[in-house]
Structures are given as structure tokens and as C-alpha cells.
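Below is one structure, written out as C-alpha cells, with a few remarks after it.
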Amino acid sequence: MTSKRETLIRQTAADLIYDIAGSVLYAVGLYTFAGNAGFAPGGISGLALILNHIWGLPVGTMTLLFNIPLVAVSYKTVGRRLLVKSAKTMIISSLMLDVIFPFTPMYEGNRMVAAVYSGIFLGAGMALFYMRGSSSGGIDFLALTIKKKRPYMSIGVITLLIDLVVILLGWPVFGNVDAVLYGVASTGVSTIVIDKILYGIGAGTLAIIITDKGKAIAAGISEKAGRGVTSLPAVGGYTGMHRDVILCACTKSEANLVKTAVQEADADAFLMFTETSEVFGEGFKVKDI
């Protein structure tokens, strides 16, 4: 049986590995691709990149300094655990940006390519932070604090508005409206990448079937898709007839096999597919440490 100490060591080691890997990806996105492309992505890192362009201030250090007051004002909202984890993440990513990556070359090609790849790497890095219950700080903390004071506001909208302000600053700083367009592109791509990594990998499909031939459909799904089902008794609200409601969690690639099995067993069955963000359990991914 694993002791609490061993579990803690494993969790700490995993946190560190994710922090280092995420920080490398984050630095590639911010330093390698965005650093020399004449635009600023959203967030505190984008603001630090603007100051770097104006006065040559180190991006990592400025990101860390900007986060200090945000940590102070959001302490009660965010909680000690997230702040401690995020502080470690911010320090590691700042060291990557200021100590290691200045010795690596910057991308000097097409600005749109730089924006896209900046978003890909920034999103991948932040997703790794989020997967371990950490954060790159900045906008996340501020958005949560504003949300607490204005509960009717969406965190997504708050983050978008703050990001937009930073991106718009790139217009006068970099001297052209293209800086805004590239900043929007980078931020949009990073958001998509975060969603795909956090939810897309574990995403599945839930089939909801209403039928009076539950056993035949269950057998067909097991034979064709290799999936089990859960059958629930139901009564039609209008007809009063007894039916079976069958639930079947499957991967997206198996959805067509489930559909075929249902149609062959009962052509009159009512079939719905709905996307699930994550599926845990036998046959699907399981939680790690």
C-alpha cells in the first residue's frame, strides 16, 4: 500500500515535470515565436512583451512582478493551494524566459505563422499547468477576483475583455493594426489548444436510445462496438407506454457502429448522440496521480 509520503513525493515530482515541460512550451510560444514578430498576445505575458519592446525589460521578470499585486488581491478568492502551486509555476516559467531561452534563436519568418505557432505553444504550455491544478497566474487570478465581486459576469468574458485591452495596446506600440490582428489570432489559437488538450483528448460520445427492444439493441451494440450499455425503465409522457432508455458511452469513432447496431435491431428507435467533455472508467482514460 502506498504511504502518504510516497504519494506526496510522486505528486510533487509530477507537478515539477509538468511545470518544466509547460514552461518550455510557454517560453517557445512567447519568446521564440511572439518575441520578434511585432505583436503581443493577451494576458500579463503580452503586457510584459510590450514593455520588452519599448524598454528592453526582461519578459519573465516583468511577468513575475506584474503577478505579485494580482496574487495579493486574489489570495482570498483563489486560495492558498492554487497560489502556492502557481507561484512555483510562475518562477520556473520566468527562469525559462529570462535565463535559458535568450540563448536560443527567435523565429524571423512570416508573422501569421508566428502568431499561429505562438498560440499553439502558449496553449499547450498553459494546458499542462492546468492539468496539475496550477496556473501561469495573471489574468486567471484577476478574472476569478472580478467574478467574485460581479457574479453575473462570465469568467470567459472577463478574460476576453482583459486580453483585448492588452492586445489593443500593441497597435500604438508596434505601430500597425496588424499587431492587433496577430495578437487576436494567437490568443484565439491558444484558447482552442487549451480546450482540445484538456477536454478533447478525453472527449467521448454518449448515445441515448429510446426503444421497446432494449435487449436486442444491447446485444447488437456489444457485438458491433464492443461496448456495454445501461438500461433504464421509462414511460412515455403522452402514450403511457413502457420503453427502455439505453445509455452507451463510446468513442467518436465507435458512434457509427452504435448507430448501425441500433438501426438493425429497431428501425423505429429514437437515437440521440451528445458529446461529453470527458469520460472516465473501464475502456476510457483513468485518473492519474
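Every chain in the C-alpha cells has a letter given in the order shown (A, B, ...), and although residue numbers restart at 1 in each chain, ligands are simply numbered from 1 in the order shown.
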With a distance cut-off of 9 Å and only C-alpha atoms, select the neighbouring residues of A:Ala114, excluding the residue or stretch itself and same-chain residues fewer than 2 positions from it, and output the selection as a PDB file with C-alpha atoms, in the first residue's frame.
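result.pdb, written as the output of this step:
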ATOM      1  CA  GLY A  29       5.342  30.406 -27.761  1.00  0.00           C
ATOM      2  CA  THR A  32      10.636  32.126 -29.894  1.00  0.00           C
ATOM      3  CA  PHE A  33       7.546  32.973 -31.947  1.00  0.00           C
ATOM      4  CA  ALA A  34       5.947  36.126 -30.474  1.00  0.00           C
ATOM      5  CA  ASN A  36      10.315  39.058 -32.637  1.00  0.00           C
ATOM      6  CA  ALA A  37       7.036  39.100 -34.594  1.00  0.00           C
ATOM      7  CA  TYR A 107      11.662  32.843 -35.346  1.00  0.00           C
ATOM      8  CA  GLU A 108      12.032  35.553 -38.007  1.00  0.00           C
ATOM      9  CA  GLY A 109       9.642  34.362 -40.682  1.00  0.00           C
ATOM     10  CA  ASN A 110       6.023  35.157 -41.568  1.00  0.00           C
ATOM     11  CA  ARG A 111       4.113  36.991 -38.814  1.00  0.00           C
ATOM     12  CA  MET A 112       0.921  34.999 -39.262  1.00  0.00           C
ATOM     13  CA  VAL A 116      -0.412  30.623 -35.035  1.00  0.00           C
ATOM     14  CA  TYR A 117       2.529  28.759 -33.574  1.00  0.00           C
ATOM     15  CA  SER A 118       2.761  31.183 -30.692  1.00  0.00           C
ATOM     16  CA  GLY A 119      -0.843  30.318 -29.829  1.00  0.00           C
ATOM     17  CA  TYR A 182      -1.960  38.780 -34.970  1.00  0.00           C
ATOM     18  CA  SER A 186      -2.507  33.965 -31.236  1.00  0.00           C
TER      19      SER A 186
END
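Between atom CA of A:Arg243 and atom CA of A:Lys224 there is a distance of 22.8 Å.
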Fill in: Residue set, stretch 103-209 of chain A restricted to alpha helix (DSSP H), as a VMD selection string
chain A and resid 111 to 131 139 to 149 155 to 174 178 to 195
Please provide the set of residues having any atom within 9 Å of A:Ile44, restricted to only C-alpha atoms, with same-chain residues fewer than 4 positions apart removed, written as a PDB file with all heavy atoms, in the first residue's frame.
ATOM      1  N   ALA A  48       3.997  42.174 -20.649  1.00  0.00           N
ATOM      2  CA  ALA A  48       5.448  42.124 -20.425  1.00  0.00           C
ATOM      3  C   ALA A  48       6.201  42.186 -21.746  1.00  0.00           C
ATOM      4  O   ALA A  48       7.263  42.818 -21.836  1.00  0.00           O
ATOM      5  CB  ALA A  48       5.803  40.841 -19.674  1.00  0.00           C
ATOM      6  N   LEU A  49       5.644  41.574 -22.787  1.00  0.00           N
ATOM      7  CA  LEU A  49       6.281  41.600 -24.103  1.00  0.00           C
ATOM      8  C   LEU A  49       6.263  43.012 -24.684  1.00  0.00           C
ATOM      9  O   LEU A  49       7.224  43.440 -25.346  1.00  0.00           O
ATOM     10  CB  LEU A  49       5.552  40.638 -25.044  1.00  0.00           C
ATOM     11  CG  LEU A  49       6.315  40.157 -26.281  1.00  0.00           C
ATOM     12  CD1 LEU A  49       7.565  39.402 -25.865  1.00  0.00           C
ATOM     13  CD2 LEU A  49       5.414  39.259 -27.123  1.00  0.00           C
ATOM     14  N   MET A  62       9.335  40.684 -15.653  1.00  0.00           N
ATOM     15  CA  MET A  62       8.196  41.598 -15.638  1.00  0.00           C
ATOM     16  C   MET A  62       6.881  40.827 -15.433  1.00  0.00           C
ATOM     17  O   MET A  62       5.987  41.296 -14.729  1.00  0.00           O
ATOM     18  CB  MET A  62       8.133  42.388 -16.942  1.00  0.00           C
ATOM     19  CG  MET A  62       9.304  43.350 -17.152  1.00  0.00           C
ATOM     20  SD  MET A  62       9.614  44.394 -15.701  1.00  0.00           S
ATOM     21  CE  MET A  62       8.050  45.246 -15.512  1.00  0.00           C
ATOM     22  N   THR A  63       6.784  39.656 -16.028  1.00  0.00           N
ATOM     23  CA  THR A  63       5.586  38.827 -15.814  1.00  0.00           C
ATOM     24  C   THR A  63       5.443  38.474 -14.333  1.00  0.00           C
ATOM     25  O   THR A  63       4.356  38.549 -13.756  1.00  0.00           O
ATOM     26  CB  THR A  63       5.663  37.534 -16.646  1.00  0.00           C
ATOM     27  OG1 THR A  63       5.770  37.872 -18.033  1.00  0.00           O
ATOM     28  CG2 THR A  63       4.440  36.674 -16.436  1.00  0.00           C
ATOM     29  N   PHE A  66       4.452  41.654 -12.310  1.00  0.00           N
ATOM     30  CA  PHE A  66       3.041  42.011 -12.513  1.00  0.00           C
ATOM     31  C   PHE A  66       2.115  41.082 -11.740  1.00  0.00           C
ATOM     32  O   PHE A  66       1.021  41.466 -11.327  1.00  0.00           O
ATOM     33  CB  PHE A  66       2.682  41.956 -14.010  1.00  0.00           C
ATOM     34  CG  PHE A  66       3.116  43.157 -14.784  1.00  0.00           C
ATOM     35  CD1 PHE A  66       3.760  43.029 -16.007  1.00  0.00           C
ATOM     36  CD2 PHE A  66       2.872  44.438 -14.298  1.00  0.00           C
ATOM     37  CE1 PHE A  66       4.155  44.141 -16.730  1.00  0.00           C
ATOM     38  CE2 PHE A  66       3.266  45.562 -15.021  1.00  0.00           C
ATOM     39  CZ  PHE A  66       3.911  45.418 -16.234  1.00  0.00           C
ATOM     40  N   ASN A  67       2.564  39.855 -11.545  1.00  0.00           N
ATOM     41  CA  ASN A  67       1.727  38.877 -10.864  1.00  0.00           C
ATOM     42  C   ASN A  67       1.671  39.083  -9.352  1.00  0.00           C
ATOM     43  O   ASN A  67       0.715  38.636  -8.708  1.00  0.00           O
ATOM     44  CB  ASN A  67       2.216  37.456 -11.159  1.00  0.00           C
ATOM     45  CG  ASN A  67       1.619  36.886 -12.429  1.00  0.00           C
ATOM     46  OD1 ASN A  67       0.408  36.837 -12.574  1.00  0.00           O
ATOM     47  ND2 ASN A  67       2.461  36.478 -13.355  1.00  0.00           N
ATOM     48  N   GLY A 137      -0.818  32.228 -13.670  1.00  0.00           N
ATOM     49  CA  GLY A 137      -1.120  33.442 -12.896  1.00  0.00           C
ATOM     50  C   GLY A 137      -1.797  34.501 -13.734  1.00  0.00           C
ATOM     51  O   GLY A 137      -2.502  34.231 -14.699  1.00  0.00           O
ATOM     52  N   GLY A 138      -1.589  35.742 -13.342  1.00  0.00           N
ATOM     53  CA  GLY A 138      -2.052  36.875 -14.129  1.00  0.00           C
ATOM     54  C   GLY A 138      -3.548  36.974 -14.282  1.00  0.00           C
ATOM     55  O   GLY A 138      -4.297  37.141 -13.321  1.00  0.00           O
ATOM     56  N   ILE A 139      -3.987  36.875 -15.530  1.00  0.00           N
ATOM     57  CA  ILE A 139      -5.383  37.081 -15.882  1.00  0.00           C
ATOM     58  C   ILE A 139      -6.302  36.102 -15.159  1.00  0.00           C
ATOM     59  O   ILE A 139      -7.424  36.446 -14.792  1.00  0.00           O
ATOM     60  CB  ILE A 139      -5.572  36.952 -17.407  1.00  0.00           C
ATOM     61  CG1 ILE A 139      -4.733  38.007 -18.131  1.00  0.00           C
ATOM     62  CG2 ILE A 139      -7.027  37.102 -17.780  1.00  0.00           C
ATOM     63  CD1 ILE A 139      -5.037  39.426 -17.716  1.00  0.00           C
ATOM     64  N   ASP A 163      -7.811  40.526 -22.067  1.00  0.00           N
ATOM     65  CA  ASP A 163      -6.900  40.177 -23.160  1.00  0.00           C
ATOM     66  C   ASP A 163      -6.999  41.197 -24.292  1.00  0.00           C
ATOM     67  O   ASP A 163      -5.986  41.590 -24.884  1.00  0.00           O
ATOM     68  CB  ASP A 163      -7.226  38.781 -23.707  1.00  0.00           C
ATOM     69  CG  ASP A 163      -6.679  37.666 -22.833  1.00  0.00           C
ATOM     70  OD1 ASP A 163      -5.766  37.945 -22.042  1.00  0.00           O
ATOM     71  OD2 ASP A 163      -7.170  36.533 -22.947  1.00  0.00           O
ATOM     72  N   VAL A 166      -5.038  44.399 -23.627  1.00  0.00           N
ATOM     73  CA  VAL A 166      -3.588  44.208 -23.819  1.00  0.00           C
ATOM     74  C   VAL A 166      -3.258  44.126 -25.306  1.00  0.00           C
ATOM     75  O   VAL A 166      -2.296  44.741 -25.782  1.00  0.00           O
ATOM     76  CB  VAL A 166      -3.117  42.932 -23.099  1.00  0.00           C
ATOM     77  CG1 VAL A 166      -1.637  42.659 -23.404  1.00  0.00           C
ATOM     78  CG2 VAL A 166      -3.320  43.066 -21.592  1.00  0.00           C
TER      79      VAL A 166
END
Practice prompt. For A:Ile146, list every protein, DNA or RNA residue within 9 Å, evaluated using only C-alpha atoms, and leave out those in the same chain fewer than 5 positions away; present the list as a PyMOL selection string.
Written response: chain A and resi 141+151+153+155+158
Discussion item. Which residues are close to A:Ile197, i.e. within 12 Å by only C-alpha atoms, leaving aside same-chain residues fewer than 4 positions away? Reply as a list in words.
Written reply: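 Neighbouring residues, sequence-local ones excluded: Ile120, Phe121, Gly123, Ala124, Gly125, Met126, Ala127, Leu128, Phe129, Tyr130, Met131, Ser190, Thr191, Ile192, Val193, Ile201, Gly202, Ala203, Ser277 and Glu278 of chain A.
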